[in-house]
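Chemist: My structure file final.cif, mmCIF, C-alpha atoms, is below:
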```cif
data_final
loop_
_atom_site.label_atom_id
_atom_site.label_comp_id
_atom_site.auth_asym_id
_atom_site.auth_seq_id
_atom_site.Cartn_x
_atom_site.Cartn_y
_atom_site.Cartn_z
CA MET L 1 -11.32 279.06 -57.79
CA GLY L 2 -14.49 280.38 -59.37
CA VAL L 3 -16.90 277.59 -58.51
CA GLU L 4 -20.69 277.87 -58.53
CA VAL L 5 -22.02 276.03 -55.48
CA PHE L 6 -25.52 274.59 -55.11
CA SER L 7 -27.03 272.60 -52.28
CA ILE L 8 -30.10 270.48 -52.96
CA SER L 9 -32.52 268.48 -50.82
CA VAL L 10 -36.16 267.37 -50.88
CA ASP L 11 -37.18 270.32 -48.68
CA SER L 12 -39.29 273.11 -50.19
CA VAL L 13 -37.87 276.53 -50.92
CA PHE L 14 -39.98 277.79 -48.01
CA VAL L 15 -38.26 275.45 -45.57
CA HIS L 16 -34.89 276.48 -47.05
CA LYS L 17 -35.76 280.11 -46.29
CA ILE L 18 -36.73 279.39 -42.71
CA TRP L 19 -33.67 277.20 -42.13
CA ASN L 20 -31.47 279.97 -43.53
CA ASP L 21 -33.18 282.72 -41.56
CA ASN L 22 -33.50 280.90 -38.24
CA GLU L 23 -30.46 278.68 -37.98
CA LEU L 24 -27.84 278.84 -40.74
CA SER L 25 -27.55 282.63 -40.69
CA LYS L 26 -26.70 282.34 -36.99
CA MET L 27 -23.72 280.15 -37.95
CA LEU L 28 -22.71 282.79 -40.51
CA GLY L 29 -22.65 285.84 -38.26
CA GLY L 30 -26.03 287.03 -39.50
CA LYS L 31 -25.29 286.60 -43.20
CA SER L 32 -27.36 284.51 -45.60
CA VAL L 33 -26.10 281.26 -47.06
CA PRO L 34 -24.01 282.49 -50.03
CA PHE L 35 -25.13 279.81 -52.52
CA ALA L 36 -28.56 278.86 -53.88
CA MET L 37 -30.34 276.17 -51.87
CA LEU L 38 -32.24 274.10 -54.44
CA SER L 39 -35.42 272.14 -53.88
CA ASP L 40 -36.02 268.64 -55.27
CA GLN L 41 -39.35 267.83 -53.64
CA ASN L 42 -40.21 264.93 -55.92
CA GLY L 43 -36.71 263.45 -55.76
CA ASN L 44 -36.33 263.52 -59.54
CA VAL L 45 -32.97 265.22 -59.58
CA GLY L 46 -31.70 262.87 -56.88
CA ARG L 47 -32.85 259.86 -58.90
CA LEU L 48 -31.05 261.22 -61.92
CA TYR L 49 -27.84 261.45 -59.89
CA GLY L 50 -28.35 258.11 -58.13
CA VAL L 51 -28.58 259.60 -54.63
CA TYR L 52 -32.32 259.46 -53.90
CA ASP L 53 -33.23 256.97 -51.18
CA GLU L 54 -36.69 255.70 -52.18
CA GLU L 55 -37.40 254.18 -48.77
CA ALA L 56 -36.41 257.20 -46.73
CA GLY L 57 -37.77 259.72 -49.22
CA THR L 58 -34.64 261.81 -48.81
CA GLU L 59 -31.34 262.31 -50.53
CA THR L 60 -28.05 260.85 -49.40
CA ARG L 61 -24.95 263.00 -49.04
CA GLY L 62 -23.84 263.17 -52.67
CA ARG L 63 -21.29 265.69 -53.89
CA PHE L 64 -20.56 266.22 -57.58
CA ILE L 65 -17.80 268.27 -59.20
CA ILE L 66 -18.82 269.33 -62.72
CA ASP L 67 -16.32 270.96 -65.10
CA PRO L 68 -16.97 273.85 -67.52
CA ASP L 69 -17.89 271.37 -70.28
CA GLY L 70 -20.61 269.88 -68.08
CA ILE L 71 -18.60 266.70 -67.43
CA ILE L 72 -18.67 265.08 -63.98
CA GLN L 73 -15.05 264.93 -62.83
CA ALA L 74 -15.66 263.54 -59.34
CA PHE L 75 -18.34 262.50 -56.95
CA GLU L 76 -18.60 261.26 -53.39
CA VAL L 77 -21.71 259.77 -51.82
CA MET L 78 -22.13 259.13 -48.09
CA THR L 79 -24.90 257.95 -45.82
CA PRO L 80 -26.38 260.68 -43.62
CA PRO L 81 -24.60 260.42 -40.23
CA VAL L 82 -21.13 261.53 -41.34
CA GLY L 83 -20.38 265.00 -42.68
CA ARG L 84 -18.14 265.91 -45.56
CA ASN L 85 -14.53 267.11 -45.55
CA VAL L 86 -14.70 270.46 -47.31
CA LYS L 87 -10.89 270.77 -47.51
CA GLU L 88 -10.73 267.56 -49.52
CA THR L 89 -13.40 268.83 -51.89
CA LEU L 90 -11.45 272.07 -52.38
CA ARG L 91 -8.26 270.07 -52.99
CA GLN L 92 -9.99 268.00 -55.66
CA ILE L 93 -11.36 271.08 -57.42
CA GLN L 94 -7.91 272.72 -57.37
CA ALA L 95 -6.36 269.55 -58.77
CA PHE L 96 -8.94 269.18 -61.54
CA GLN L 97 -8.56 272.83 -62.46
CA TYR L 98 -4.77 272.43 -62.57
CA VAL L 99 -4.74 269.38 -64.82
CA ARG L 100 -7.36 270.94 -67.09
CA GLU L 101 -5.10 273.97 -67.57
CA ALA L 102 -2.16 271.68 -68.26
CA LYS L 103 -4.15 269.95 -71.04
CA GLY L 104 -2.79 266.51 -70.25
CA ALA L 105 0.87 267.53 -69.94
CA GLU L 106 0.77 267.18 -66.15
CA VAL L 107 -1.16 264.97 -63.75
CA ALA L 108 -1.72 265.22 -60.01
CA PRO L 109 -0.48 262.23 -57.99
CA ALA L 110 -1.96 261.03 -54.70
CA GLY L 111 -1.74 263.65 -51.97
CA TRP L 112 -1.22 266.48 -54.47
CA ARG L 113 -2.21 269.95 -53.46
CA PRO L 114 -1.24 273.36 -54.94
CA GLY L 115 2.50 273.90 -54.75
CA LYS L 116 3.42 270.23 -54.76
CA ASN L 117 5.03 268.44 -57.71
CA THR L 118 2.94 267.07 -60.50
CA LEU L 119 3.96 264.24 -62.79
CA LYS L 120 4.60 264.67 -66.52
CA PRO L 121 3.35 261.55 -68.27
CA GLY L 122 5.47 260.22 -71.13
CA PRO L 123 7.73 257.35 -72.17
CA ASN L 124 10.49 258.44 -69.78
CA LEU L 125 8.22 258.31 -66.76
CA VAL L 126 7.19 254.70 -67.32
CA GLY L 127 8.70 252.64 -64.52
CA ASN L 128 10.25 255.75 -63.02
CA VAL L 129 7.48 257.20 -60.91
CA TRP L 130 9.38 255.98 -57.82
CA LYS L 131 12.08 258.56 -58.59
CA GLU L 132 9.59 261.40 -58.91
CA TRP L 133 7.04 260.67 -56.21
CA LYS L 134 7.47 259.29 -52.68
CA VAL L 135 4.84 257.30 -50.80
CA GLN L 136 4.94 259.70 -47.87
CA GLU L 137 3.56 262.44 -50.17
CA ALA L 138 0.24 260.60 -50.13
CA PHE L 139 0.00 261.10 -46.38
CA GLU L 140 1.22 264.67 -46.04
CA GLU L 141 -1.10 267.37 -44.77
CA MET B 142 -31.10 282.47 -61.97
CA LYS B 143 -34.50 284.07 -62.51
CA GLU B 144 -36.51 285.21 -59.54
CA PHE B 145 -40.08 283.92 -59.25
CA GLU B 146 -43.09 284.79 -57.14
CA ALA B 147 -44.02 281.97 -54.80
CA GLY B 148 -47.72 281.08 -54.86
CA CYS B 149 -49.81 280.23 -51.82
CA THR B 150 -49.07 276.50 -51.91
CA ARG B 151 -45.74 275.69 -53.44
CA PRO B 152 -43.73 276.98 -56.36
CA LYS B 153 -45.00 275.84 -59.72
CA GLY B 154 -41.50 274.98 -60.84
CA GLN B 155 -40.91 271.47 -59.64
CA ALA B 156 -37.43 270.10 -60.04
CA LYS B 157 -37.27 268.71 -63.56
CA PRO B 158 -34.79 266.36 -65.09
CA VAL B 159 -33.88 267.59 -68.56
CA THR B 160 -31.53 264.84 -69.63
CA GLU B 161 -33.96 261.94 -69.57
CA THR B 162 -37.06 260.74 -67.81
CA VAL B 163 -36.28 258.45 -64.93
CA SER B 164 -38.68 255.83 -63.71
CA THR B 165 -38.49 254.26 -60.27
CA PRO B 166 -35.34 252.19 -60.27
CA GLN B 167 -35.84 248.42 -60.28
CA VAL B 168 -33.54 247.63 -57.43
CA GLU B 169 -34.84 244.09 -56.84
CA LYS B 170 -33.58 242.74 -60.11
CA GLY B 171 -30.30 244.54 -59.84
CA GLU B 172 -31.01 246.04 -63.23
CA ARG B 173 -30.74 249.59 -62.14
CA LYS B 174 -29.27 251.55 -64.97
CA ILE B 175 -26.06 253.34 -64.10
CA MET B 176 -26.73 256.96 -64.87
CA ILE B 177 -23.77 258.60 -63.27
CA GLN B 178 -20.19 258.10 -64.36
CA VAL B 179 -17.13 260.26 -63.94
CA GLY B 180 -15.90 261.55 -67.28
CA LYS B 181 -19.49 261.59 -68.61
CA PRO B 182 -21.92 264.52 -68.88
CA ALA B 183 -23.77 265.60 -65.74
CA PRO B 184 -27.52 265.03 -66.20
CA GLU B 185 -29.22 268.34 -66.85
CA PHE B 186 -32.09 269.61 -64.71
CA SER B 187 -33.81 272.72 -63.51
CA ALA B 188 -34.98 273.31 -59.96
CA PRO B 189 -36.46 276.06 -57.81
CA GLY B 190 -34.27 277.44 -55.06
CA PHE B 191 -33.80 280.00 -52.31
CA HIS B 192 -30.91 282.42 -52.69
CA GLN B 193 -30.14 285.51 -50.62
CA GLY B 194 -33.75 286.29 -49.73
CA LYS B 195 -35.26 285.45 -53.13
CA PHE B 196 -36.93 282.46 -54.73
CA VAL B 197 -35.12 281.63 -57.96
CA GLU B 198 -35.23 279.10 -60.77
CA MET B 199 -31.91 277.40 -61.46
CA ASN B 200 -31.05 275.63 -64.70
CA LEU B 201 -27.83 273.61 -64.77
CA ALA B 202 -27.37 274.24 -68.51
CA ASP B 203 -26.86 277.95 -67.75
CA TYR B 204 -23.59 277.06 -66.00
CA LYS B 205 -21.74 275.64 -68.98
CA GLY B 206 -18.34 277.34 -68.98
CA LYS B 207 -18.16 277.32 -65.18
CA TRP B 208 -17.09 274.87 -62.52
CA VAL B 209 -20.06 273.64 -60.51
CA MET B 210 -20.26 271.84 -57.19
CA LEU B 211 -23.62 270.22 -56.48
CA CYS B 212 -24.22 268.94 -52.96
CA PHE B 213 -27.16 266.74 -52.01
CA TYR B 214 -27.99 266.34 -48.33
CA PRO B 215 -30.65 264.53 -46.30
CA GLY B 216 -32.65 267.47 -45.04
CA ASP B 217 -32.98 270.95 -43.58
CA PHE B 218 -32.85 271.13 -39.79
CA THR B 219 -31.08 267.81 -39.55
CA PHE B 220 -27.86 267.76 -37.60
CA VAL B 221 -24.80 266.94 -39.65
#
```
Is it possible to give me this structure as structure tokens?

Modeler:
Amino acid sequence: MGVEVFSISVDSVFVHKIWNDNELSKMLGGKSVPFAMLSDQNGNVGRLYGVYDEEAGTETRGRFIIDPDGIIQAFEVMTPPVGRNVKETLRQIQAFQYVREAKGAEVAPAGWRPGKNTLKPGPNLVGNVWKEWKVQEAFEE
Amino acid sequence: MKEFEAGCTRPKGQAKPVTETVSTPQVEKGERKIMIQVGKPAPEFSAPGFHQGKFVEMNLADYKGKWVMLCFYPGDFTFV
């Protein structure tokens, strides 16, 4: 998929190193975290992205997908106690990459993942999506 | 990403917004400016980081032409 991944929190780069060395690398079979762990100690980047919690002094769980033109295609923001669904993030990136390649000729309906049918927008599709896409597709694994 | 030497206190390179200066949001009045919108440019910034044993300086603008996923999280050594 060719995606550059960055994590970012208000922790210092020193804390990132110790977290990587003492805990995360143990989850990764001794390897280092593969992406750069960024530090936003003053919360300025988080403020810019609307995810800095002024009262807590930390960042909420915000995830942003940015395309090669620097445009935000998707984001998701959650409060701290629930973790993300990485498969859903990967699905979204695959879908955005697909429709970008298609240059508007195809779009990805609900539940789309690689290999499933896309829709081809145009006059003939108006009022006819029901023939091309079934509700159950939204719920398929 | 350029490597940098960490000083005795903390890295000189604080995270810096490039796109615009942000003041503390005025939440009380509900006038908080919406800065993030899908379909609009991602605010540019630079920030120090840790990557594969090295301290590095990351600049979002260097990643034009690539897909980027940026993940904020509450803190190191937390649980989720």

Chemist: Atom CA of Gly50 of chain L to atom CA of Met176 of chain B: how many Å, to one decimal?

Modeler: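 We find that atom CA of Gly50 of chain L and atom CA of Met176 of chain B lie 7.0 Å from each other.
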
Chemist: Expand the PyMOL selection byres ((chain B) within 7 of (chain L)) into the explicit residue set it covers here, and present it as a VMD selection string.

Modeler: chain B and resid 156 to 158 163 176 to 177 179 to 184 186 188 to 193 205 to 218 221

Chemist: Atom CA of Val86 of chain L to atom CA of Glu141 of chain L: how many Å, to one decimal?

Modeler: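 Spanning atom CA of Val86 of chain L to atom CA of Glu141 of chain L is a straight-line distance of 14.2 Å.
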
Chemist: Measure the distance from atom CA of Leu125 of chain L to atom CA of Glu140 of chain L in Å and round it to one decimal.

Modeler: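 Computing it gives 22.8 Å between the two atoms.
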
Chemist: Where does the PyMOL selection byres ((chain L and resi 120) around 9) land in this file, that is, which residues does it pick, as a PyMOL selection string?

Modeler: chain L and resi 104-107+118-119+121-122+125

Chemist: Could you write out as a PyMOL selection string the residues that the PyMOL selection byres ((chain L and resi 133) around 10) matches in the shown file?

Modeler: chain L and resi 109-110+117-119+128-132+134-138
